[in-house]
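Heads up, the thing below is written out as structure tokens.
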Amino acid sequence: MAAEPTDPDETRDRDDARGLDDLRDQARRWLDDDPDPATRDELQAVLDGLPASAPELADRFAGPLTFGTAGLRGPLRAGPNGMNLAVVTQAAAGLVAWLAAQDATGPLVIGYDARHGSREFAERTAQVATGAGRAALLLPRPLPTPVLAYAVRQLDAAAGVMVTASHNPPQDNGYKVYLGAQLGGELGAGAQIVPPADTGIEAAIRAVGPLADVPLGPAGQVVGDDLVVSYVDRAAAVVDPTGARRLKVAYTPLHGVGAAVLTAAFARAGFGIPGVVPDQAVPDPDFPTVSFPNPEEPGAIDRLVDLARRTDADLAIANDPDADRCAVAVRDGGAAGAVGVAGVAGPAGAAGPATVAGPAGATGGGGWRMLRGDEVGALLADHLMRRGVQGLYATTIVSSSLLRAMCAARGLPYDETLTGFKWIVRAGGGSAPLVYGYEEALGYCVAPEHVRDKDGITAALTVAELAAGLKAQGRTLTDRLDELAAEFGVHHTDQLSVRVDDLRIIADTMDRVRAATPTTLLGQPVTEARDLLPEADVVILRNEAARVVIRPSGTEPKLKAYLEVVEPVADGDVPAARSRAATALAALRTEIAALV
């Protein structure tokens, strides 16, 4: 027997060689089971590049994409740590096996956006379902996520799958699961999954054997356009049919799938057809005119603002690519006083690049600015309250505290949840019927009985209804924001987001925040410091002057810090209060930027 090497370098080389052999074996086993010739060729090219390609191969096999409450989301590439036909086949097989184990009846309804691979992944999901003996219903074309959420209840489905990566970069795709009434219950019918369903589905996915043994049937039944017409009719019914309609709107779907459905809904509701940004109107999976297809990102709505300015629009609206979020831009007369985007360096000693920017609220140029999600959230809630909509109003722990104040003053039930609409639509635990929910990340649910998820189409209609009504009175959305500020104080919010290439940066930063939690904010002692582990990876800091919530993003490689200051309005002087709030928020942003 040969002697074991004693030199440290020799030992390391031997271990590296063994590790590379193990990695090569994993890749070869994956190749043998991969049903897609394109990804087989892709992975073979990586294998052929060894040993130079070892880091890339290791990343592709670092572990499987985890099926959490947001489903699957990752880069389009071969291997278990990516979105590809093999991963989707396994996920679909696990999902239908889990549904069968729960004795769930009804079809699996499947929607998809226009991203690379979406239709193929949707059709494979349908084939796996029918191969297992379950009916599969495929939406007729690339459509918004809210249409899929609506279809789950409308078609009495056991569950729904939406193939989308929402507003992620073009190289990504994803896979979201919704439950029907039988498994979701009254609060979760047509809503995204929550624990323990996610862990149950994940376990079923891991139990799937060789993909060659997964039976495949036909690619399901394509649902007729009458479903989309039904969604549009119900969406249009969200607004008051007797309300004002004189409003000129500029719109962009950001190369996504929202344009046809949104314009149809506006026409059905009696509004004029919005003008659409021409080079962003047609679905394009490469999103060629934006760095990131997310309305929150700097520069994403520049073309929209330009169109609004050139056409003298009253309002500018953007959906994200799957149209479940809604961004709103208004003429900036200075009344609302939004702060601009802040650039902040990445964390000290970070092992990889990081960029930081503030989200909504940045000026888009030409005298327009995008309202923050908290501003739109408060405007929509106030509008529904003025319309006499009674029931539970809900938001999340990272959203502004203004909704809480509004509900307290107006005697309406209120609840606050963890981030994500899977929690918002279950707010209150059934203590009162949910009538409205929002999250600061541009997500709004104005009609939970229609779609039990965020819905950028109905949100856009409701914003337009409010803006048209105010215009008929010679007023604007910013005037209404000033009214709310005068009544409840200026609730000024902002966000810092740190985008990273190495997810270890986020974990290390959260560890550092927990190890050295600030004891002051804006020079005043912290009166509340809450760590929500193990329920959620969230740290909350609060005092009389400010509130800070720090958490990793659930959908993107980002660390987010949510900031809020509340400034009372003295003698009705809203501009002075906004100025004081902006100064305080800038100071708070500087403090937190140094922390993260």
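Letters A, B, ... mark the chains of the structure tokens in the order given; residue numbers begin at 1 per chain; ligand numbers begin at 1, in order shown.
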Contacts of A:Thr493 at 7 Å (only C-alpha atoms; same-chain gap of 3+ positions) as a PyMOL selection string: chain A and resi 400+563-565
The distance between atom CA of A:Tyr112 and atom CA of A:Glu42 is 24.2 Å
Skip stretch 223-228 of chain A itself and residues of its chain fewer than 5 positions away, then list as a VMD selection string all residues within 9 Å of it, counting only C-alpha atoms. chain A and resid 137 to 140 143 147 151 154 to 155 233 261
Could you save the residues just selected, with N, CA, C and O atoms, as a PDB file, in the first residue's frame?
ATOM      1  N   LEU A 137     -54.698  21.918 -16.930  1.00  0.00           N
ATOM      2  CA  LEU A 137     -55.264  23.000 -17.714  1.00  0.00           C
ATOM      3  C   LEU A 137     -54.194  24.053 -17.929  1.00  0.00           C
ATOM      4  O   LEU A 137     -53.641  24.592 -16.971  1.00  0.00           O
ATOM      5  N   LEU A 138     -53.892  24.350 -19.189  1.00  0.00           N
ATOM      6  CA  LEU A 138     -52.823  25.279 -19.534  1.00  0.00           C
ATOM      7  C   LEU A 138     -53.449  26.594 -19.992  1.00  0.00           C
ATOM      8  O   LEU A 138     -54.337  26.593 -20.851  1.00  0.00           O
ATOM      9  N   LEU A 139     -53.003  27.706 -19.405  1.00  0.00           N
ATOM     10  CA  LEU A 139     -53.516  28.998 -19.847  1.00  0.00           C
ATOM     11  C   LEU A 139     -53.158  29.210 -21.317  1.00  0.00           C
ATOM     12  O   LEU A 139     -52.146  28.706 -21.804  1.00  0.00           O
ATOM     13  N   PRO A 140     -53.972  29.982 -22.065  1.00  0.00           N
ATOM     14  CA  PRO A 140     -53.866  29.979 -23.522  1.00  0.00           C
ATOM     15  C   PRO A 140     -52.635  30.652 -24.104  1.00  0.00           C
ATOM     16  O   PRO A 140     -52.310  30.430 -25.276  1.00  0.00           O
ATOM     17  N   LEU A 143     -49.394  35.077 -19.834  1.00  0.00           N
ATOM     18  CA  LEU A 143     -50.359  35.953 -19.170  1.00  0.00           C
ATOM     19  C   LEU A 143     -49.829  36.390 -17.805  1.00  0.00           C
ATOM     20  O   LEU A 143     -48.932  35.756 -17.243  1.00  0.00           O
ATOM     21  N   VAL A 147     -53.744  36.461 -13.343  1.00  0.00           N
ATOM     22  CA  VAL A 147     -54.714  35.654 -14.089  1.00  0.00           C
ATOM     23  C   VAL A 147     -54.630  34.197 -13.640  1.00  0.00           C
ATOM     24  O   VAL A 147     -55.658  33.515 -13.495  1.00  0.00           O
ATOM     25  N   ALA A 151     -57.474  32.024 -11.879  1.00  0.00           N
ATOM     26  CA  ALA A 151     -57.904  30.772 -12.497  1.00  0.00           C
ATOM     27  C   ALA A 151     -57.973  29.631 -11.490  1.00  0.00           C
ATOM     28  O   ALA A 151     -58.820  28.738 -11.629  1.00  0.00           O
ATOM     29  N   GLN A 154     -61.348  30.089  -9.976  1.00  0.00           N
ATOM     30  CA  GLN A 154     -62.404  30.074 -10.988  1.00  0.00           C
ATOM     31  C   GLN A 154     -62.601  28.684 -11.572  1.00  0.00           C
ATOM     32  O   GLN A 154     -63.732  28.290 -11.891  1.00  0.00           O
ATOM     33  N   LEU A 155     -61.512  27.919 -11.715  1.00  0.00           N
ATOM     34  CA  LEU A 155     -61.586  26.586 -12.314  1.00  0.00           C
ATOM     35  C   LEU A 155     -61.631  25.478 -11.260  1.00  0.00           C
ATOM     36  O   LEU A 155     -61.523  24.299 -11.604  1.00  0.00           O
ATOM     37  N   ASP A 233     -63.355  41.156 -16.942  1.00  0.00           N
ATOM     38  CA  ASP A 233     -64.654  41.655 -16.479  1.00  0.00           C
ATOM     39  C   ASP A 233     -64.664  41.866 -14.968  1.00  0.00           C
ATOM     40  O   ASP A 233     -65.152  42.888 -14.469  1.00  0.00           O
ATOM     41  N   VAL A 261     -53.744  42.639 -21.247  1.00  0.00           N
ATOM     42  CA  VAL A 261     -54.765  42.494 -20.210  1.00  0.00           C
ATOM     43  C   VAL A 261     -55.072  43.844 -19.576  1.00  0.00           C
ATOM     44  O   VAL A 261     -56.235  44.191 -19.342  1.00  0.00           O
TER      45      VAL A 261
END
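For the residues A:Thr105, A:Ile550, A:Arg246, A:Arg303, ranking by smallest atom-to-atom distance to A:Gly180 using only C-alpha atoms places A:Thr105 first.
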Atom CA of A:His450 and atom CA of A:Asp374 are how many Å apart?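 We find that atom CA of A:His450 and atom CA of A:Asp374 lie 22.5 Å from each other.
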Contacts of A:Ala394 within 9 Å, only C-alpha atoms, excl. fewer than 4 positions in-chain, as a PyMOL selection string: chain A and resi 403-404+413-417+424-425+427-428+434-439
Among stretch 190-306 of chain A, which ones does DSSP place in helix (DSSP H, G or I), written as a ChimeraX atom specification? /A:197-206,211-213,226-236,259-269,278-280,302-306
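You will find atom CA of A:Leu23 at 17.2 Å from atom CA of A:Thr39.
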